[in-house]
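K.L.:
See coords32.pdb below, with PDB, C-alpha atoms and all ligand atoms.
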```pdb
ATOM      1  CA  MET F  24      62.800  -8.114   9.391
ATOM      2  CA  GLU F  25      63.873  -5.555   6.829
ATOM      3  CA  ASP F  26      64.285  -7.123   3.445
ATOM      4  CA  SER F  27      67.876  -6.080   3.087
ATOM      5  CA  TYR F  28      69.115  -8.462   5.805
ATOM      6  CA  SER F  29      69.733 -12.198   5.554
ATOM      7  CA  VAL F  30      70.620 -12.629   9.217
ATOM      8  CA  LYS F  31      69.749 -10.555  12.249
ATOM      9  CA  VAL F  32      70.481 -11.719  15.810
ATOM     10  CA  LYS F  33      69.929 -10.074  19.157
ATOM     11  CA  ASN F  34      71.348 -11.186  22.497
ATOM     12  CA  LEU F  35      72.045 -14.636  21.059
ATOM     13  CA  THR F  36      73.433 -16.873  23.793
ATOM     14  CA  LYS F  37      74.439 -20.525  24.157
ATOM     15  CA  LYS F  38      75.410 -22.138  27.431
ATOM     16  CA  PHE F  39      76.794 -25.634  27.868
ATOM     17  CA  GLY F  40      76.197 -26.255  31.579
ATOM     18  CA  ASN F  41      77.866 -23.370  33.401
ATOM     19  CA  PHE F  42      80.008 -22.477  30.411
ATOM     20  CA  THR F  43      78.833 -19.662  28.128
ATOM     21  CA  ALA F  44      80.117 -20.457  24.619
ATOM     22  CA  VAL F  45      78.177 -17.611  22.948
ATOM     23  CA  ASP F  46      77.563 -14.603  25.162
ATOM     24  CA  HIS F  47      74.744 -12.197  24.199
ATOM     25  CA  ILE F  48      75.876 -11.342  20.693
ATOM     26  CA  ASP F  49      74.164  -8.943  18.269
ATOM     27  CA  PHE F  50      74.860  -8.624  14.569
ATOM     28  CA  GLU F  51      73.332  -8.312  11.124
ATOM     29  CA  VAL F  52      74.316  -9.696   7.729
ATOM     30  CA  LYS F  53      73.177  -7.859   4.603
ATOM     31  CA  LYS F  54      71.780  -9.769   1.643
ATOM     32  CA  GLY F  55      74.408 -10.729  -0.905
ATOM     33  CA  GLU F  56      77.403  -9.728   1.169
ATOM     34  CA  ILE F  57      80.434 -11.803   2.084
ATOM     35  CA  PHE F  58      80.378 -11.815   5.857
ATOM     36  CA  GLY F  59      83.524 -13.035   7.632
ATOM     37  CA  PHE F  60      83.196 -14.432  11.131
ATOM     38  CA  LEU F  61      86.628 -14.590  12.701
ATOM     39  CA  GLY F  62      88.165 -15.606  15.986
ATOM     40  CA  ALA F  63      90.603 -18.025  17.583
ATOM     41  CA  ASN F  64      89.752 -21.702  18.171
ATOM     42  CA  GLY F  65      87.015 -21.990  20.758
ATOM     43  CA  ALA F  66      85.793 -18.395  20.311
ATOM     44  CA  GLY F  67      82.245 -19.655  19.661
ATOM     45  CA  LYS F  68      81.963 -19.361  15.864
ATOM     46  CA  THR F  69      80.823 -22.900  15.098
ATOM     47  CA  THR F  70      78.326 -22.824  17.962
ATOM     48  CA  THR F  71      76.868 -19.585  16.540
ATOM     49  CA  ILE F  72      76.629 -21.040  13.027
ATOM     50  CA  ARG F  73      74.933 -24.164  14.353
ATOM     51  CA  MET F  74      72.302 -22.013  16.058
ATOM     52  CA  LEU F  75      71.756 -19.942  12.899
ATOM     53  CA  CYS F  76      71.324 -23.103  10.817
ATOM     54  CA  GLY F  77      68.726 -24.530  13.192
ATOM     55  CA  LEU F  78      71.022 -27.357  14.328
ATOM     56  CA  LEU F  79      71.365 -26.191  17.933
ATOM     57  CA  LYS F  80      68.794 -24.557  20.197
ATOM     58  CA  PRO F  81      69.842 -21.170  21.618
ATOM     59  CA  SER F  82      69.831 -20.760  25.419
ATOM     60  CA  GLY F  83      68.636 -17.190  24.969
ATOM     61  CA  GLY F  84      68.168 -14.337  22.537
ATOM     62  CA  SER F  85      66.505 -14.147  19.154
ATOM     63  CA  GLY F  86      67.483 -14.446  15.532
ATOM     64  CA  ILE F  87      66.025 -14.332  12.048
ATOM     65  CA  VAL F  88      67.718 -16.222   9.211
ATOM     66  CA  ALA F  89      66.375 -15.959   5.650
ATOM     67  CA  GLY F  90      63.151 -14.548   7.066
ATOM     68  CA  TYR F  91      62.544 -17.297   9.665
ATOM     69  CA  ASP F  92      62.913 -17.455  13.431
ATOM     70  CA  ILE F  93      65.851 -19.559  14.705
ATOM     71  CA  ASN F  94      63.899 -20.446  17.848
ATOM     72  CA  ASN F  95      60.871 -22.040  16.234
ATOM     73  CA  GLU F  96      61.061 -22.073  12.416
ATOM     74  CA  THR F  97      64.173 -24.188  11.939
ATOM     75  CA  GLU F  98      62.637 -26.502   9.347
ATOM     76  CA  ASN F  99      61.956 -23.513   7.076
ATOM     77  CA  ILE F 100      65.479 -22.195   7.668
ATOM     78  CA  LYS F 101      67.038 -25.502   6.605
ATOM     79  CA  LYS F 102      65.342 -25.248   3.174
ATOM     80  CA  LYS F 103      66.738 -21.747   2.608
ATOM     81  CA  ILE F 104      70.353 -22.275   3.618
ATOM     82  CA  GLY F 105      73.391 -24.253   2.536
ATOM     83  CA  TYR F 106      75.942 -25.473   5.072
ATOM     84  CA  MET F 107      79.490 -26.633   4.527
ATOM     85  CA  SER F 108      81.268 -27.775   7.653
ATOM     86  CA  GLN F 109      84.980 -27.883   8.446
ATOM     87  CA  LYS F 110      85.009 -31.536   7.388
ATOM     88  CA  PHE F 111      83.370 -30.718   4.034
ATOM     89  CA  SER F 112      80.284 -32.832   4.902
ATOM     90  CA  LEU F 113      80.759 -35.341   2.068
ATOM     91  CA  TYR F 114      80.456 -39.112   2.118
ATOM     92  CA  ASN F 115      83.983 -40.305   1.511
ATOM     93  CA  ASP F 116      83.019 -43.789   0.361
ATOM     94  CA  LEU F 117      80.648 -42.509  -2.341
ATOM     95  CA  THR F 118      81.711 -41.400  -5.810
ATOM     96  CA  VAL F 119      81.507 -37.756  -6.889
ATOM     97  CA  GLU F 120      78.213 -38.392  -8.720
ATOM     98  CA  GLU F 121      76.749 -40.401  -5.858
ATOM     99  CA  ASN F 122      77.481 -37.589  -3.409
ATOM    100  CA  ILE F 123      75.663 -35.101  -5.634
ATOM    101  CA  GLU F 124      72.712 -37.493  -6.042
ATOM    102  CA  PHE F 125      72.596 -38.055  -2.289
ATOM    103  CA  PHE F 126      72.430 -34.345  -1.466
ATOM    104  CA  GLY F 127      69.917 -33.704  -4.256
ATOM    105  CA  GLY F 128      67.689 -36.407  -2.760
ATOM    106  CA  MET F 129      68.161 -35.091   0.745
ATOM    107  CA  TYR F 130      66.847 -31.696  -0.318
ATOM    108  CA  GLY F 131      63.943 -33.346  -2.136
ATOM    109  CA  LEU F 132      64.895 -32.181  -5.641
ATOM    110  CA  PRO F 133      63.134 -33.958  -8.551
ATOM    111  CA  ALA F 134      65.339 -36.378 -10.532
ATOM    112  CA  LYS F 135      65.430 -34.078 -13.561
ATOM    113  CA  GLU F 136      66.760 -31.214 -11.493
ATOM    114  CA  VAL F 137      69.343 -33.422  -9.781
ATOM    115  CA  LYS F 138      70.591 -34.383 -13.238
ATOM    116  CA  GLN F 139      70.961 -30.719 -14.251
ATOM    117  CA  LYS F 140      72.568 -29.801 -10.960
ATOM    118  CA  LYS F 141      75.029 -32.664 -11.334
ATOM    119  CA  GLU F 142      76.398 -31.115 -14.522
ATOM    120  CA  TRP F 143      76.405 -27.670 -12.923
ATOM    121  CA  ILE F 144      78.400 -28.871  -9.890
ATOM    122  CA  ILE F 145      80.841 -30.868 -11.995
ATOM    123  CA  ASP F 146      81.516 -27.727 -14.042
ATOM    124  CA  LEU F 147      81.727 -25.499 -10.971
ATOM    125  CA  ALA F 148      84.133 -27.828  -9.195
ATOM    126  CA  ASN F 149      86.069 -28.578 -12.365
ATOM    127  CA  LEU F 150      85.508 -32.293 -11.839
ATOM    128  CA  GLN F 151      85.096 -33.334 -15.471
ATOM    129  CA  GLY F 152      86.512 -36.845 -15.929
ATOM    130  CA  MET F 153      86.290 -37.576 -12.197
ATOM    131  CA  ARG F 154      82.598 -38.432 -11.858
ATOM    132  CA  LYS F 155      83.229 -42.040 -10.898
ATOM    133  CA  ARG F 156      86.091 -41.313  -8.516
ATOM    134  CA  ILE F 157      85.630 -42.238  -4.877
ATOM    135  CA  THR F 158      85.447 -38.932  -2.989
ATOM    136  CA  GLN F 159      88.087 -40.033  -0.504
ATOM    137  CA  ASP F 160      90.658 -40.172  -3.325
ATOM    138  CA  LEU F 161      90.144 -36.541  -4.387
ATOM    139  CA  ALA F 162      92.736 -33.914  -3.424
ATOM    140  CA  GLY F 163      91.618 -31.239  -0.925
ATOM    141  CA  GLY F 164      90.759 -28.535  -3.456
ATOM    142  CA  TRP F 165      88.441 -30.799  -5.510
ATOM    143  CA  LYS F 166      86.724 -32.115  -2.402
ATOM    144  CA  GLN F 167      86.215 -28.579  -1.164
ATOM    145  CA  ARG F 168      84.603 -27.417  -4.408
ATOM    146  CA  LEU F 169      82.417 -30.531  -4.559
ATOM    147  CA  ALA F 170      81.289 -29.816  -0.980
ATOM    148  CA  LEU F 171      80.482 -26.227  -1.942
ATOM    149  CA  GLY F 172      78.479 -27.432  -4.953
ATOM    150  CA  THR F 173      76.433 -29.837  -2.831
ATOM    151  CA  ALA F 174      75.807 -27.069  -0.259
ATOM    152  CA  LEU F 175      74.356 -24.965  -3.111
ATOM    153  CA  ILE F 176      72.378 -27.727  -4.867
ATOM    154  CA  HIS F 177      68.960 -26.457  -3.662
ATOM    155  CA  ASP F 178      69.607 -22.761  -4.562
ATOM    156  CA  PRO F 179      69.844 -21.472  -0.980
ATOM    157  CA  ASP F 180      69.629 -17.750  -0.139
ATOM    158  CA  ILE F 181      72.531 -18.019   2.301
ATOM    159  CA  VAL F 182      75.451 -20.388   2.484
ATOM    160  CA  PHE F 183      77.342 -20.984   5.733
ATOM    161  CA  LEU F 184      80.936 -22.004   5.188
ATOM    162  CA  ASP F 185      82.740 -23.097   8.344
ATOM    163  CA  GLU F 186      86.475 -22.933   7.615
ATOM    164  CA  PRO F 187      86.003 -23.979   4.005
ATOM    165  CA  THR F 188      89.660 -23.543   3.104
ATOM    166  CA  ALA F 189      91.277 -25.359   6.039
ATOM    167  CA  GLY F 190      93.998 -27.679   4.788
ATOM    168  CA  VAL F 191      93.599 -26.647   1.142
ATOM    169  CA  ASP F 192      96.570 -25.513  -0.970
ATOM    170  CA  PRO F 193      96.995 -21.781  -1.779
ATOM    171  CA  VAL F 194      96.060 -22.044  -5.474
ATOM    172  CA  SER F 195      92.838 -23.906  -4.672
ATOM    173  CA  ARG F 196      92.109 -21.379  -1.935
ATOM    174  CA  ARG F 197      92.369 -18.543  -4.434
ATOM    175  CA  ASP F 198      90.154 -20.350  -6.968
ATOM    176  CA  PHE F 199      87.658 -21.015  -4.205
ATOM    177  CA  TRP F 200      87.422 -17.325  -3.295
ATOM    178  CA  GLU F 201      86.833 -16.480  -6.938
ATOM    179  CA  ILE F 202      83.858 -18.858  -6.961
ATOM    180  CA  ILE F 203      82.592 -17.361  -3.686
ATOM    181  CA  ASN F 204      82.795 -13.862  -5.177
ATOM    182  CA  ASN F 205      80.735 -14.959  -8.173
ATOM    183  CA  PHE F 206      77.983 -16.291  -5.948
ATOM    184  CA  SER F 207      77.955 -13.129  -3.892
ATOM    185  CA  ASP F 208      77.625 -11.129  -7.130
ATOM    186  CA  GLN F 209      74.555 -13.242  -7.939
ATOM    187  CA  GLY F 210      72.967 -12.153  -4.642
ATOM    188  CA  ILE F 211      73.707 -15.201  -2.476
ATOM    189  CA  THR F 212      74.766 -14.253   1.046
ATOM    190  CA  ILE F 213      78.041 -15.851   2.095
ATOM    191  CA  PHE F 214      78.667 -16.382   5.811
ATOM    192  CA  VAL F 215      82.192 -17.674   6.219
ATOM    193  CA  THR F 216      84.668 -18.444   8.983
ATOM    194  CA  THR F 217      88.368 -18.670   8.289
ATOM    195  CA  HIS F 218      91.664 -18.831  10.132
ATOM    196  CA  TYR F 219      93.517 -17.254   7.245
ATOM    197  CA  LEU F 220      93.545 -13.519   7.813
ATOM    198  CA  ASP F 221      94.623 -12.752   4.255
ATOM    199  CA  GLU F 222      91.314 -14.322   3.195
ATOM    200  CA  ALA F 223      89.372 -12.072   5.550
ATOM    201  CA  GLU F 224      90.394  -9.201   3.260
ATOM    202  CA  TYR F 225      87.950 -10.589   0.649
ATOM    203  CA  CYS F 226      84.996 -10.076   3.000
ATOM    204  CA  ASN F 227      82.687  -7.032   2.803
ATOM    205  CA  THR F 228      82.054  -7.116   6.547
ATOM    206  CA  ILE F 229      83.935  -8.823   9.357
ATOM    207  CA  LYS F 230      83.001  -9.567  12.943
ATOM    208  CA  LEU F 231      85.686 -10.640  15.349
ATOM    209  CA  MET F 232      84.673 -12.997  18.123
ATOM    210  CA  ASP F 233      86.642 -13.681  21.287
ATOM    211  CA  LYS F 234      85.548 -15.818  24.255
ATOM    212  CA  GLY F 235      81.920 -15.857  23.176
ATOM    213  CA  LYS F 236      81.625 -12.117  22.546
ATOM    214  CA  ILE F 237      81.875  -9.930  19.452
ATOM    215  CA  ILE F 238      84.720  -7.534  20.125
ATOM    216  CA  ALA F 239      85.059  -5.651  16.819
ATOM    217  CA  GLY F 240      83.459  -5.356  13.421
ATOM    218  CA  GLY F 241      83.349  -3.446  10.163
ATOM    219  CA  SER F 242      84.871  -3.585   6.704
ATOM    220  CA  PRO F 243      88.538  -4.670   6.563
ATOM    221  CA  GLU F 244      89.461  -1.014   5.910
ATOM    222  CA  ASP F 245      87.393   0.314   8.838
ATOM    223  CA  LEU F 246      88.873  -2.260  11.184
ATOM    224  CA  LYS F 247      92.363  -1.103  10.319
ATOM    225  CA  THR F 248      91.751   2.630  10.561
ATOM    226  CA  GLU F 249      89.533   2.503  13.656
ATOM    227  CA  ASN F 250      91.593   0.118  15.727
ATOM    228  CA  ILE F 251      95.152   1.049  14.930
ATOM    229  CA  GLU F 252      95.818   4.684  15.682
ATOM    230  CA  ALA F 253      99.550   4.158  16.130
ATOM    231  CA  ASN F 254     102.048   4.253  13.267
ATOM    232  CA  MET F 255     103.492   1.128  11.711
ATOM    233  CA  TYR F 256     106.963   0.894  10.220
ATOM    234  CA  GLN F 257     108.984  -1.814   8.581
ATOM    235  CA  ILE F 258     112.557  -2.123   9.802
ATOM    236  CA  GLU F 259     115.434  -3.634   7.862
ATOM    237  CA  THR F 260     118.483  -4.704   9.848
ATOM    238  CA  ASP F 261     121.578  -6.912   9.660
ATOM    239  CA  ASN F 262     120.617  -8.943  12.751
ATOM    240  CA  LEU F 263     116.946  -9.822  12.914
ATOM    241  CA  ASN F 264     116.782 -11.623  16.262
ATOM    242  CA  LYS F 265     118.984  -9.191  18.162
ATOM    243  CA  ALA F 266     117.061  -6.260  16.679
ATOM    244  CA  LYS F 267     113.745  -7.824  17.712
ATOM    245  CA  ASN F 268     114.890  -8.111  21.341
ATOM    246  CA  ILE F 269     116.169  -4.534  21.402
ATOM    247  CA  LEU F 270     112.966  -3.150  19.862
ATOM    248  CA  ALA F 271     110.803  -5.200  22.230
ATOM    249  CA  SER F 272     112.592  -3.670  25.225
ATOM    250  CA  MET F 273     112.055  -0.054  24.080
ATOM    251  CA  ASP F 274     109.335   1.959  25.853
ATOM    252  CA  GLU F 275     108.467   3.848  22.650
ATOM    253  CA  ILE F 276     107.504   0.631  20.849
ATOM    254  CA  ILE F 277     104.064  -0.905  21.420
ATOM    255  CA  ASN F 278     104.542  -4.043  19.386
ATOM    256  CA  VAL F 279     107.227  -5.773  17.315
ATOM    257  CA  ALA F 280     106.893  -8.783  15.020
ATOM    258  CA  ILE F 281     109.197 -10.568  12.589
ATOM    259  CA  LEU F 282     107.747 -10.614   9.077
ATOM    260  CA  GLY F 283     109.903 -12.543   6.642
ATOM    261  CA  ILE F 284     113.343 -10.956   6.645
ATOM    262  CA  ASN F 285     112.139  -7.673   8.199
ATOM    263  CA  LEU F 286     110.542  -6.460  11.413
ATOM    264  CA  ASN F 287     107.240  -4.630  11.768
ATOM    265  CA  ILE F 288     106.894  -2.212  14.650
ATOM    266  CA  MET F 289     103.975  -0.242  16.050
ATOM    267  CA  THR F 290     104.680   3.074  17.804
ATOM    268  CA  ASN F 291     103.070   6.396  18.646
ATOM    269  CA  GLN F 292     106.191   8.242  17.477
ATOM    270  CA  GLY F 293     106.709   9.838  14.070
ATOM    271  CA  MET F 294     109.212   8.417  11.593
ATOM    272  CA  GLU F 295     112.095  10.826  12.200
ATOM    273  CA  LYS F 296     112.012  10.561  15.964
ATOM    274  CA  ILE F 297     111.726   6.770  16.104
ATOM    275  CA  GLU F 298     114.424   6.357  13.458
ATOM    276  CA  ASN F 299     116.863   8.339  15.608
ATOM    277  CA  ILE F 300     116.044   6.436  18.782
ATOM    278  CA  ILE F 301     116.357   3.054  17.047
ATOM    279  CA  LYS F 302     119.652   4.046  15.399
ATOM    280  CA  LYS F 303     121.092   5.014  18.765
ATOM    281  CA  ASN F 304     120.016   1.753  20.386
ATOM    282  CA  PHE F 305     121.225  -0.374  17.475
ATOM    283  CA  ASN F 306     124.618   1.404  17.431
ATOM    284  CA  LYS F 307     125.119   0.677  21.110
ATOM    285  CA  ASN F 308     124.538  -3.007  20.348
ATOM    286  CA  ASP F 309     126.693  -3.184  17.211
ATOM    287  CA  ILE F 310     123.897  -3.775  14.744
ATOM    288  CA  LYS F 311     122.753  -1.681  11.827
ATOM    289  CA  LEU F 312     119.479  -0.048  10.867
ATOM    290  CA  LEU F 313     119.499  -0.632   7.080
ATOM    291  CA  GLY F 314     116.095   0.899   6.363
ATOM    292  CA  ILE F 315     112.798   2.096   7.787
ATOM    293  CA  LYS F 316     109.540   2.749   5.935
ATOM    294  CA  THR F 317     105.883   3.380   6.747
ATOM    295  CA  ILE F 318     103.530   0.432   6.218
ATOM    296  CA  GLU F 319      99.769  -0.083   6.344
ATOM    297  CA  PRO F 320      98.545  -2.398   9.112
ATOM    298  CA  THR F 321      97.221  -5.810   8.068
ATOM    299  CA  LEU F 322      94.176  -7.481   9.612
ATOM    300  CA  GLU F 323      96.605  -9.700  11.479
ATOM    301  CA  ASP F 324      98.100  -6.617  13.156
ATOM    302  CA  VAL F 325      94.604  -5.464  14.077
ATOM    303  CA  PHE F 326      93.584  -8.800  15.570
ATOM    304  CA  VAL F 327      96.797  -9.334  17.499
ATOM    305  CA  HIS F 328      96.328  -5.833  18.892
ATOM    306  CA  LEU F 329      92.669  -6.437  19.852
ATOM    307  CA  ILE F 330      92.982  -9.931  21.274
ATOM    308  CA  ASP F 331      96.238  -9.498  23.240
TER     309      ASP F 331
HETATM  310  P1  LIG G   1      86.919 -23.646  16.133
HETATM  311  O1  LIG G   1      87.560 -22.706  15.217
HETATM  312  O2  LIG G   1      87.878 -24.528  16.857
HETATM  313  O3  LIG G   1      85.767 -24.404  15.538
HETATM  314  P2  LIG G   1      84.936 -22.008  17.386
HETATM  315  O4  LIG G   1      85.137 -20.552  17.503
HETATM  316  O5  LIG G   1      84.067 -22.477  16.285
HETATM  317  O6  LIG G   1      86.312 -22.726  17.314
HETATM  318  P3  LIG G   1      83.162 -23.456  19.077
HETATM  319  O7  LIG G   1      83.350 -24.767  18.394
HETATM  320  O8  LIG G   1      81.891 -22.723  18.836
HETATM  321  O9  LIG G   1      84.368 -22.489  18.782
HETATM  322  O10 LIG G   1      83.327 -23.702  20.639
HETATM  323  C1  LIG G   1      83.205 -22.660  21.605
HETATM  324  C2  LIG G   1      83.404 -23.260  22.972
HETATM  325  O11 LIG G   1      82.270 -24.063  23.336
HETATM  326  C3  LIG G   1      84.620 -24.165  23.097
HETATM  327  O12 LIG G   1      85.246 -23.928  24.341
HETATM  328  C4  LIG G   1      84.029 -25.563  23.050
HETATM  329  O13 LIG G   1      84.832 -26.467  23.788
HETATM  330  C5  LIG G   1      82.677 -25.366  23.689
HETATM  331  N1  LIG G   1      81.689 -26.314  23.176
HETATM  332  C6  LIG G   1      81.282 -26.438  21.887
HETATM  333  N2  LIG G   1      80.325 -27.392  21.775
HETATM  334  C7  LIG G   1      80.137 -27.905  23.018
HETATM  335  C8  LIG G   1      79.279 -28.925  23.584
HETATM  336  N3  LIG G   1      78.427 -29.603  22.809
HETATM  337  N4  LIG G   1      79.370 -29.151  24.908
HETATM  338  C9  LIG G   1      80.210 -28.458  25.694
HETATM  339  N5  LIG G   1      81.040 -27.478  25.240
HETATM  340  C10 LIG G   1      81.005 -27.219  23.928
END
```
Any chance you could put this one into structure tokens?
Ligand code: ATP
P.N.:
Amino acid sequence: MEDSYSVKVKNLTKKFGNFTAVDHIDFEVKKGEIFGFLGANGAGKTTTIRMLCGLLKPSGGSGIVAGYDINNETENIKKKIGYMSQKFSLYNDLTVEENIEFFGGMYGLPAKEVKQKKEWIIDLANLQGMRKRITQDLAGGWKQRLALGTALIHDPDIVFLDEPTAGVDPVSRRDFWEIINNFSDQGITIFVTTHYLDEAEYCNTIKLMDKGKIIAGGSPEDLKTENIEANMYQIETDNLNKAKNILASMDEIINVAILGINLNIMTNQGMEKIENIIKKNFNKNDIKLLGIKTIEPTLEDVFVHLID
């Protein structure tokens, strides 16, 4: 493996009986990057992560994680990686300190180091004054940061975060991404899945998975420019629902979606031409076109377009 990669997989496949959950996928993750692994529920993301972490045996294909083979060096992989699952992998009936001590022990850290790491995690997670709290009683954001701290207790090269922000409030989500960025700056590779597409914008590289296959990849910018060749416009109107139905029925319009109090449309036409056609159609139906402007596609637009 070249030194600049943390993960490299080729033809990786997992079958459960006749069902192929992960279907011959290839990809690479560079050292120190934030790698976003996206896809709808059931796309095969968790199954892939479990294979990369040495928790599930692949049915076929090869992979190297942190320099070790996922088919036969899983014990070495486990020492080099951190893993935070969707459920935050904490013991709810233990206190904050006890959870840290448990994970320190599990990774075989000497007592002195566990003590130092305890302070480090409490600072990182902003849990001062909450050491003796039962984990179950912590709000989502605290629990999430504690889980991240315990996943990093043994100084892993790569950390796998499987939907780390699910069910966490927006402010905590933002704080969490700031912490993630800091770790990436320190050279730790971050492999993350998320359902929040605004969060995917923080990733250096994204792969999009659908029905077991990787269907697109690149930086957030590349994904937008390479996959959406059509123009996108924002439409302001005095009757949102009626306008949506009219736009959806027009041949010139590829896609229409309500976004807040406006509509976003995708079309191959230029601004002037589409404005005239829409005006005509709206007039016929007694509604008004109050404004139209060019907009940049979001990752959500890209994914809806690719997965439809
Ligand atoms: P989510 O976001 O819901 O976690 P995902 O992309 O991570 O989705 P996976 O959990 O990897 O998807 O599941 C992929 C598919 O494999 C699903 O259809 C799931 O039902 C199936 N699957 C996962 N684990 C098993 C198993 N142990 N036995 C049989 N089928 C499984």
K.L.:
Once the PyMOL selection byres (((chain F and resi 60) around 10) and not hetatm) has been evaluated on this model, what residues remain selected, and can you format them as a ChimeraX atom specification?
P.N.:
/F:57-59,61-62,68-69,71-72,184-186,214-218,223,226,228-232,237,240
K.L.:
For CA of Asp180 in chain F and CA of Gly105 in chain F, determine how far apart the two atoms are, in Å to one decimal place.
P.N.:
8.0 Å
K.L.:
Please return the centre and edge lengths, in Å to one decimal, of a box with edges along x, y and z that contains all listed atoms of ligand LIG 1 (chain G), widened by 6 Å on every side, as lines of an AutoDock Vina configuration file.
P.N.:
```
center_x = 83.2
center_y = -25.1
center_z = 20.5
size_x = 21.5
size_y = 21.1
size_z = 22.5
```
K.L.:
Do you know which residues are at most 9 Å from range 319-329 of chain F counting only C-alpha atoms, after dropping those on the same chain fewer than 6 positions away, and could you put them as a ChimeraX atom specification?
P.N.:
/F:62,220-221,223-224,231,238-239,243-244,246-248,250-251,254-256,278
K.L.:
Kindly resolve the PyMOL selection byres (((chain F and resi 50-56) around 9) and not hetatm) on the present coordinates and return the residues as a list of chain:residue names.
P.N.:
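When the PyMOL selection byres (((chain F and resi 50-56) around 9) and not hetatm) is applied, the selected residues are F:Asp26, F:Ser27, F:Tyr28, F:Ser29, F:Val30, F:Lys31, F:Val32, F:Lys33, F:Ile48, F:Asp49, F:Ile57, F:Phe58, F:Asp180, F:Ile181, F:Phe206, F:Ser207, F:Asp208, F:Gln209, F:Gly210, F:Ile211, F:Thr212, F:Ile213, F:Phe214, F:Cys226, F:Asn227, F:Thr228, F:Lys230, F:Ile237.
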K.L.:
Run the PyMOL selection byres (((chain F and resi 102) around 10) and not hetatm) against the file shown and list the residues it catches, as a PyMOL selection string.
P.N.:
chain F and resi 76+89+97-101+103-105+130-131+177-180
K.L.:
CA of Leu312 in chain F to CA of Ile269 in chain F: how many Å, to one decimal?
P.N.:
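Taking CA of Leu312 in chain F and CA of Ile269 in chain F, their separation equals 11.9 Å.
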K.L.:
Counting only C-alpha atoms and all ligand atoms, which residue out of F:Ala44, F:Val279, F:Leu78, F:Ala189 sits closest to ligand LIG 1 (chain G)?
P.N.:
F:Ala44
K.L.:
Kindly give the distance, in Å, that separates CA of Ile318 in chain F and CA of Glu252 in chain F, rounded to a single decimal.
P.N.:
12.9 Å
K.L.:
Using all atoms listed in the file, which residues sit within 7 Å of Ile258 in chain F once same-chain residues fewer than 3 positions away are excluded, as a list in words?
P.N.:
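So, after excluding close chain neighbours, the residues are Asn285, Leu286, Asn287, Gly314, Ile315 and Lys316 of chain F.
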K.L.:
Selection from above, C-alpha atoms, as a PDB file, in the coordinates of the input, can you write it?
P.N.:
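As written to disk, result31.pdb reads:
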```pdb
ATOM      1  CA  ASN F 285     112.139  -7.673   8.199  1.00  0.00           C
ATOM      2  CA  LEU F 286     110.542  -6.460  11.413  1.00  0.00           C
ATOM      3  CA  ASN F 287     107.240  -4.630  11.768  1.00  0.00           C
ATOM      4  CA  GLY F 314     116.095   0.899   6.363  1.00  0.00           C
ATOM      5  CA  ILE F 315     112.798   2.096   7.787  1.00  0.00           C
ATOM      6  CA  LYS F 316     109.540   2.749   5.935  1.00  0.00           C
TER       7      LYS F 316
END
```
K.L.:
Which of these residues is nearest to ligand LIG 1 (chain G), using only C-alpha atoms and all ligand atoms: F:Asn94, F:Val88, F:Gly235, F:Gly241?
P.N.:
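That would be F:Gly235, the residue with the smallest distance to ligand LIG 1 (chain G).
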K.L.:
Around (121.4, 1.8, 17.5) in the file's frame, which residues reach within 12 Å when counting only C-alpha atoms? Return as a ChimeraX atom specification?
P.N.:
/F:260-262,265-266,269-270,273,297-313
K.L.:
Kindly indicate which residue among F:Thr70, F:Thr173, F:Met153, F:Leu79 lies nearest to Tyr114 in chain F, using all atoms listed in the file for the distances.
P.N.:
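Among the listed residues, the smallest separation from Tyr114 in chain F belongs to F:Thr173.
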K.L.:
Near Val191 in chain F, within 9 Å and counting all atoms listed in the file, which residues show up once chain neighbours fewer than 2 positions away are dropped, as number ranges by chain?
P.N.:
F: 162-164, 167, 187-189, 193-196
K.L.:
Using all atoms listed in the file, can you tell me which of F:Arg168, F:Lys110, F:Lys135, F:Arg154 comes closest to ligand LIG 1 (chain G)?
P.N.:
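When distances to ligand LIG 1 (chain G) are compared using all atoms listed in the file, the smallest one comes from F:Lys110.
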K.L.:
Hey, which of F:Lys141, F:His47, F:Lys38, F:Lys267 ends up closest to ligand LIG 1 (chain G)? Count only C-alpha atoms and all ligand atoms.
P.N.:
F:Lys38
K.L.:
Taking the partial coordinates given, rebuild range 132-138 of chain F to contain N, CA and C atoms; return it as a compact mmCIF listing (two decimals), keeping the file's coordinate frame.
P.N.:
```txt
# COMPACT_ATOMS: atom_id res chain seq x y z
N LEU F 132 64.96 -32.69 -4.26
CA LEU F 132 64.90 -32.18 -5.64
C LEU F 132 64.39 -33.29 -6.58
N PRO F 133 63.57 -32.95 -7.58
CA PRO F 133 63.13 -33.96 -8.55
C PRO F 133 64.33 -34.47 -9.37
N ALA F 134 64.22 -35.72 -9.84
CA ALA F 134 65.34 -36.38 -10.53
C ALA F 134 65.90 -35.54 -11.67
N LYS F 135 64.99 -34.87 -12.41
CA LYS F 135 65.43 -34.08 -13.56
C LYS F 135 66.35 -32.93 -13.11
N GLU F 136 65.96 -32.33 -12.00
CA GLU F 136 66.76 -31.21 -11.49
C GLU F 136 68.11 -31.69 -10.95
N VAL F 137 68.08 -32.86 -10.31
CA VAL F 137 69.34 -33.42 -9.78
C VAL F 137 70.32 -33.63 -10.95
N LYS F 138 69.77 -34.11 -12.06
CA LYS F 138 70.59 -34.38 -13.24
C LYS F 138 71.24 -33.07 -13.74
```
